[in-house]
Each structure stands twice: as C-alpha cells, then as structure tokens.
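S.K.: Following this message is one structure expressed as structure tokens.
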Amino acid sequence: MKVEIWSDFACPFCYIGKRRFEAALANFADKDEVQVIYRSFELDPHAAKHSPIDVHDMLAAKYGMSREQAIAMNERVGRQAQEVGLLFRFDSIVLTNTFDAHRLAHFAGQYGKRGDVTELLFKAYFTDSKHIGDHETLADIAAEAGLDREEAAAMLAGEQYAAEVREDEREASRLGIRGVPFFVIDRKYAVSGAQPSEVFLETLRQARNNTTK
C-alpha cells in the first residue's frame, strides 16, 4: 500500500496532520506493508526568502483580519498542535520561501532519509524558530539527519532537485489538489486536511479491504 502525502513545511495543519496520520498508522494492523511517500507543495511559491513581517501580520493581510484576530487564530491552531504533542512557537516563526527546503527533502530521499528530513524541517520551522530558507540552516538539518553536510550544501548552491519539486507540484495540480495536507492512498482514496486519526485509520482499512478482495 502506498500513501503519498503532499505538504508544505510552512503549513501548520500539515505538521498536525502528519502526527494524526502517524497515530493512525501505528494502530493499523498492516502498517509494515505501507510505504509513505512525501510530496512537495508550496502554499506560496512567491514568498520572499526574507520577510520583514511576522506570521501574525502575514495572516492578517492574507485574510483581511486584524492582527489580534490573527493571533487568536494562531493560538487556536497551537492548541490543536499541543493535542498531538507538538509545540508551535508562532511568535518567533521565521517566514521564508520553502522551495529550497523541498529540494533538500528530495535530496534526502535519494538516501532513504526523506521522512527524517521532513520531520526535522517541520520542527525547525514551527518549534525551533529556524530560518529554513537559509542554506546553512538546511545543511545543518541534513547533517542532523545523518547526511553529508558538504554534499547537501553543494546541492543547495546549485539547481539540483528543482525539477523534482516542480513535478510533485504539477502532479498535485493534475490530481486536483488545491490545499494541503493531502493524502492519497494507492491513487484510489484521498483524505484532505488534518483529519482526526480515526478518519485516516478507517481509510487505510478500507483501502486494505478493497485490495484484498
């Protein structure tokens, strides 16, 4: 069974959805037969690498709300994160463009480390307040995942894996994916959003049962 997950490292619900899916997978009887593949998606492909504003002002401008409303919205999301064991530090998030982070994830995938790097990138952005658009930061994350730091830095300095990121995004478009997280099981079943773990588990079971019929 193949589960493809389209997500962006700057998407809070993608991190929450990842945890909820992992909880479902842990309770799935045939979890050892499930292959999880992470796919790239950019919420804002035109985001600046360096932003002069914080996440509260960004959301206020995006949704036409006050800063106070944006803070309250982020606090609600933060409580959802806490429910799955995550700590989101919205006040110190470093807004950036995530394209190079996605390139690093593809690079890691060549060494069987895409899942590890994906987790580290989410944590770096939401919990550790790191600049995941910065190449030095990304190279450090590669090293933390057990990859060769210098090789990762050299890759980031060029254009490697840009085509792979764009292909993931084109595939998302072909599948009609407009928002993330988006989970596709065997190209037959889809779950959109950070659904409760029970929804993921039921979909996994449904996919398994229809495969074995």
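Going through the structure tokens in order, the chains are called A, B, and so on, while each chain numbers its residues from 1 and the ligands are numbered from 1 in the order shown.
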Give me the residues of range 12-64 of chain A that have any atom at most 12 Å from an atom of range 120-142 of chain A; for each, the nearest atom pair and the distance in Å, rounded to one decimal. Use only C-alpha atoms, sort by chain and number, and format it as a Markdown table.
M.R.:
```
| residue | atom | partner | partner_atom | distance |
| --- | --- | --- | --- | --- |
| A:Pro12 | CA | A:Phe126 | CA | 7.6 |
| A:Phe13 | CA | A:Phe122 | CA | 10.8 |
| A:Cys14 | CA | A:Phe122 | CA | 8.8 |
| A:Tyr15 | CA | A:Phe122 | CA | 6.5 |
| A:Ile16 | CA | A:Phe122 | CA | 9.9 |
| A:Gly17 | CA | A:Phe122 | CA | 11.7 |
| A:Lys18 | CA | A:Phe122 | CA | 9.9 |
| A:Arg19 | CA | A:Phe122 | CA | 11.2 |
| A:Ala47 | CA | A:Gly133 | CA | 10.4 |
| A:Ala48 | CA | A:Gly133 | CA | 9.3 |
| A:Lys49 | CA | A:Gly133 | CA | 6.0 |
| A:His50 | CA | A:Gly133 | CA | 8.1 |
| A:Ser51 | CA | A:His131 | CA | 10.7 |
| A:Asp54 | CA | A:Ser129 | CA | 11.6 |
| A:Val55 | CA | A:Phe126 | CA | 11.0 |
```
S.K.: Do a neighbour search on Glu75 in chain A at 12 Å with only C-alpha atoms, toss out local chain neighbours closer than 6 positions, and write the hits as a list in words.
M.R.: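 What passes the distance filter is Pro12, His56, Glu68, Gln69, Ala81, Gln82, Leu87, Phe88, Arg89, Phe90 and Asp91 of chain A.
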S.K.: Which value, in Å to one decimal, gives the distance between CA of Ala105 in chain A and CA of Pro181 in chain A?
M.R.: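 Result for CA of Ala105 in chain A versus CA of Pro181 in chain A: 16.2 Å, one decimal.
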S.K.: Neighbours of range 195-202 of chain A within 12 Å (only C-alpha atoms; same-chain residues fewer than 3 positions away dropped), as a PyMOL selection string?
M.R.: chain A and resi 3+13-31+80+83-84+180-185+189-192+205-209
S.K.: So that I have them on file, write out the residues from the current selection with N, CA and C atoms, as a tab-separated table (two decimals), in the first residue's frame.
M.R.:
```tsv
chain	number	residue	atom	x	y	z
A	3	VAL	N	1.08	5.38	0.39
A	3	VAL	CA	0.43	6.61	0.84
A	3	VAL	C	1.32	7.79	0.44
A	13	PHE	N	-1.12	22.90	9.61
A	13	PHE	CA	-2.00	21.74	9.57
A	13	PHE	C	-1.32	20.54	8.93
A	14	CYS	N	-0.30	20.79	8.12
A	14	CYS	CA	0.46	19.68	7.56
A	14	CYS	C	1.23	18.93	8.65
A	15	TYR	N	1.80	19.67	9.58
A	15	TYR	CA	2.53	19.05	10.70
A	15	TYR	C	1.55	18.33	11.63
A	16	ILE	N	0.43	18.98	11.91
A	16	ILE	CA	-0.59	18.34	12.76
A	16	ILE	C	-1.14	17.10	12.07
A	17	GLY	N	-1.43	17.23	10.77
A	17	GLY	CA	-1.95	16.10	10.01
A	17	GLY	C	-0.96	14.95	9.95
A	18	LYS	N	0.31	15.28	9.87
A	18	LYS	CA	1.35	14.25	9.86
A	18	LYS	C	1.29	13.44	11.16
A	19	ARG	N	1.15	14.11	12.28
A	19	ARG	CA	1.08	13.42	13.57
A	19	ARG	C	-0.18	12.57	13.67
A	20	ARG	N	-1.30	13.10	13.20
A	20	ARG	CA	-2.54	12.34	13.28
A	20	ARG	C	-2.49	11.11	12.37
A	21	PHE	N	-1.89	11.26	11.20
A	21	PHE	CA	-1.74	10.12	10.31
A	21	PHE	C	-0.81	9.08	10.93
A	22	GLU	N	0.28	9.53	11.54
A	22	GLU	CA	1.22	8.60	12.17
A	22	GLU	C	0.56	7.82	13.30
A	23	ALA	N	-0.33	8.49	14.04
A	23	ALA	CA	-1.05	7.80	15.11
A	23	ALA	C	-1.97	6.73	14.53
A	24	ALA	N	-2.61	7.05	13.41
A	24	ALA	CA	-3.47	6.07	12.75
A	24	ALA	C	-2.65	4.90	12.23
A	25	LEU	N	-1.52	5.20	11.62
A	25	LEU	CA	-0.67	4.15	11.05
A	25	LEU	C	-0.17	3.21	12.14
A	26	ALA	N	0.13	3.76	13.31
A	26	ALA	CA	0.62	2.94	14.43
A	26	ALA	C	-0.42	1.91	14.87
A	27	ASN	N	-1.69	2.23	14.63
A	27	ASN	CA	-2.78	1.33	15.02
A	27	ASN	C	-3.31	0.50	13.86
A	28	PHE	N	-2.67	0.60	12.71
A	28	PHE	CA	-3.10	-0.13	11.53
A	28	PHE	C	-2.42	-1.49	11.49
A	29	ALA	N	-3.21	-2.54	11.41
A	29	ALA	CA	-2.68	-3.90	11.52
A	29	ALA	C	-1.61	-4.21	10.48
A	30	ASP	N	-1.75	-3.66	9.29
A	30	ASP	CA	-0.80	-3.95	8.21
A	30	ASP	C	0.17	-2.79	7.97
A	31	LYS	N	0.53	-2.11	9.03
A	31	LYS	CA	1.38	-0.92	8.89
A	31	LYS	C	2.72	-1.23	8.23
A	80	GLN	N	-4.40	22.92	18.98
A	80	GLN	CA	-4.54	21.66	18.23
A	80	GLN	C	-3.20	20.93	18.14
A	83	GLU	N	-2.37	19.06	21.28
A	83	GLU	CA	-3.14	17.83	21.44
A	83	GLU	C	-2.44	16.62	20.83
A	84	VAL	N	-1.56	16.87	19.86
A	84	VAL	CA	-0.82	15.76	19.24
A	84	VAL	C	0.65	15.80	19.64
A	180	VAL	N	-3.24	21.75	1.23
A	180	VAL	CA	-2.54	20.68	1.93
A	180	VAL	C	-2.77	20.80	3.44
A	181	PRO	N	-2.61	19.67	4.16
A	181	PRO	CA	-2.09	18.39	3.70
A	181	PRO	C	-3.12	17.62	2.87
A	182	PHE	N	-2.62	16.80	1.97
A	182	PHE	CA	-3.48	15.97	1.13
A	182	PHE	C	-2.86	14.59	1.03
A	183	PHE	N	-3.64	13.58	1.41
A	183	PHE	CA	-3.15	12.21	1.49
A	183	PHE	C	-3.82	11.38	0.40
A	184	VAL	N	-3.02	10.68	-0.38
A	184	VAL	CA	-3.54	9.83	-1.47
A	184	VAL	C	-3.08	8.40	-1.23
A	185	ILE	N	-4.04	7.49	-1.16
A	185	ILE	CA	-3.72	6.07	-0.89
A	185	ILE	C	-3.95	5.25	-2.15
A	189	TYR	N	-7.86	6.44	-3.04
A	189	TYR	CA	-8.52	7.06	-1.90
A	189	TYR	C	-7.78	8.34	-1.53
A	190	ALA	N	-8.55	9.33	-1.08
A	190	ALA	CA	-7.93	10.60	-0.71
A	190	ALA	C	-8.50	11.11	0.60
A	191	VAL	N	-7.64	11.71	1.39
A	191	VAL	CA	-8.05	12.39	2.62
A	191	VAL	C	-7.47	13.79	2.56
A	192	SER	N	-8.32	14.78	2.65
A	192	SER	CA	-7.89	16.17	2.58
A	192	SER	C	-7.92	16.81	3.96
A	205	ARG	N	-7.95	1.12	6.38
A	205	ARG	CA	-8.62	-0.19	6.45
A	205	ARG	C	-9.48	-0.43	5.22
A	206	GLN	N	-10.15	0.62	4.77
A	206	GLN	CA	-10.98	0.49	3.57
A	206	GLN	C	-10.12	0.16	2.36
A	207	ALA	N	-9.00	0.85	2.23
A	207	ALA	CA	-8.09	0.59	1.11
A	207	ALA	C	-7.55	-0.84	1.17
A	208	ARG	N	-7.19	-1.30	2.36
A	208	ARG	CA	-6.68	-2.67	2.52
A	208	ARG	C	-7.74	-3.70	2.16
A	209	ASN	N	-8.95	-3.49	2.66
A	209	ASN	CA	-10.02	-4.46	2.41
A	209	ASN	C	-10.37	-4.57	0.93
```
S.K.: Please provide the set of residues having any atom within 8 Å of Leu147 in chain A, restricted to only C-alpha atoms, with same-chain residues fewer than 5 positions apart removed, written as a list in words.
M.R.: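 My reading of the contact set: Ala108, Tyr111, Ala142 and Ala152 of chain A.
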S.K.: Please produce a file of those selected residues containing all heavy atoms, as a PDB file, in the first residue's frame.
M.R.:
```
ATOM      1  N   ALA A 108      17.406  14.247   0.259  1.00  0.00           N
ATOM      2  CA  ALA A 108      17.426  13.254   1.345  1.00  0.00           C
ATOM      3  C   ALA A 108      16.782  11.950   0.911  1.00  0.00           C
ATOM      4  O   ALA A 108      17.191  10.868   1.342  1.00  0.00           O
ATOM      5  CB  ALA A 108      16.709  13.819   2.573  1.00  0.00           C
ATOM      6  N   TYR A 111      18.745   9.045  -0.319  1.00  0.00           N
ATOM      7  CA  TYR A 111      19.461   8.264   0.691  1.00  0.00           C
ATOM      8  C   TYR A 111      18.510   7.620   1.702  1.00  0.00           C
ATOM      9  O   TYR A 111      18.935   7.200   2.777  1.00  0.00           O
ATOM     10  CB  TYR A 111      20.466   9.160   1.421  1.00  0.00           C
ATOM     11  CG  TYR A 111      21.527   9.738   0.516  1.00  0.00           C
ATOM     12  CD1 TYR A 111      21.386  11.018  -0.013  1.00  0.00           C
ATOM     13  CD2 TYR A 111      22.646   8.991   0.158  1.00  0.00           C
ATOM     14  CE1 TYR A 111      22.352  11.549  -0.863  1.00  0.00           C
ATOM     15  CE2 TYR A 111      23.619   9.514  -0.696  1.00  0.00           C
ATOM     16  CZ  TYR A 111      23.451  10.791  -1.199  1.00  0.00           C
ATOM     17  OH  TYR A 111      24.401  11.311  -2.053  1.00  0.00           O
ATOM     18  N   ALA A 142      20.391  18.678   7.241  1.00  0.00           N
ATOM     19  CA  ALA A 142      20.842  17.484   6.524  1.00  0.00           C
ATOM     20  C   ALA A 142      21.806  16.671   7.386  1.00  0.00           C
ATOM     21  O   ALA A 142      21.694  15.442   7.497  1.00  0.00           O
ATOM     22  CB  ALA A 142      21.510  17.882   5.209  1.00  0.00           C
ATOM     23  N   ALA A 152      25.213  18.218   0.863  1.00  0.00           N
ATOM     24  CA  ALA A 152      23.932  18.918   0.900  1.00  0.00           C
ATOM     25  C   ALA A 152      24.118  20.399   0.561  1.00  0.00           C
ATOM     26  O   ALA A 152      23.331  20.979  -0.197  1.00  0.00           O
ATOM     27  CB  ALA A 152      23.285  18.768   2.271  1.00  0.00           C
TER      28      ALA A 152
END
```
S.K.: Would you pick out the contacts of Ala70 in chain A at 10 Å or less, using only C-alpha atoms, so that residues sharing its chain but fewer than 2 positions from it are not included, and give the list as a VMD selection string?
M.R.: chain A and resid 55 to 68 72 to 76
S.K.: Write out as a tab-separated table (two decimals) with C-alpha atoms, in the first residue's frame all residues of range 48-198 of chain A that backbone DSSP assigns to strand (DSSP E).
M.R.:
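Result saved to part_32.tsv:
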```
chain	number	residue	atom	x	y	z
A	182	PHE	CA	-3.48	15.97	1.13
A	183	PHE	CA	-3.15	12.21	1.49
A	184	VAL	CA	-3.54	9.83	-1.47
A	185	ILE	CA	-3.72	6.07	-0.89
A	189	TYR	CA	-8.52	7.06	-1.90
A	190	ALA	CA	-7.93	10.60	-0.71
A	191	VAL	CA	-8.05	12.39	2.62
A	192	SER	CA	-7.89	16.17	2.58
```
S.K.: Could you state the separation of CA of Gln160 in chain A and CA of Gly109 in chain A in Å, given to one decimal place?
M.R.: 12.9 Å
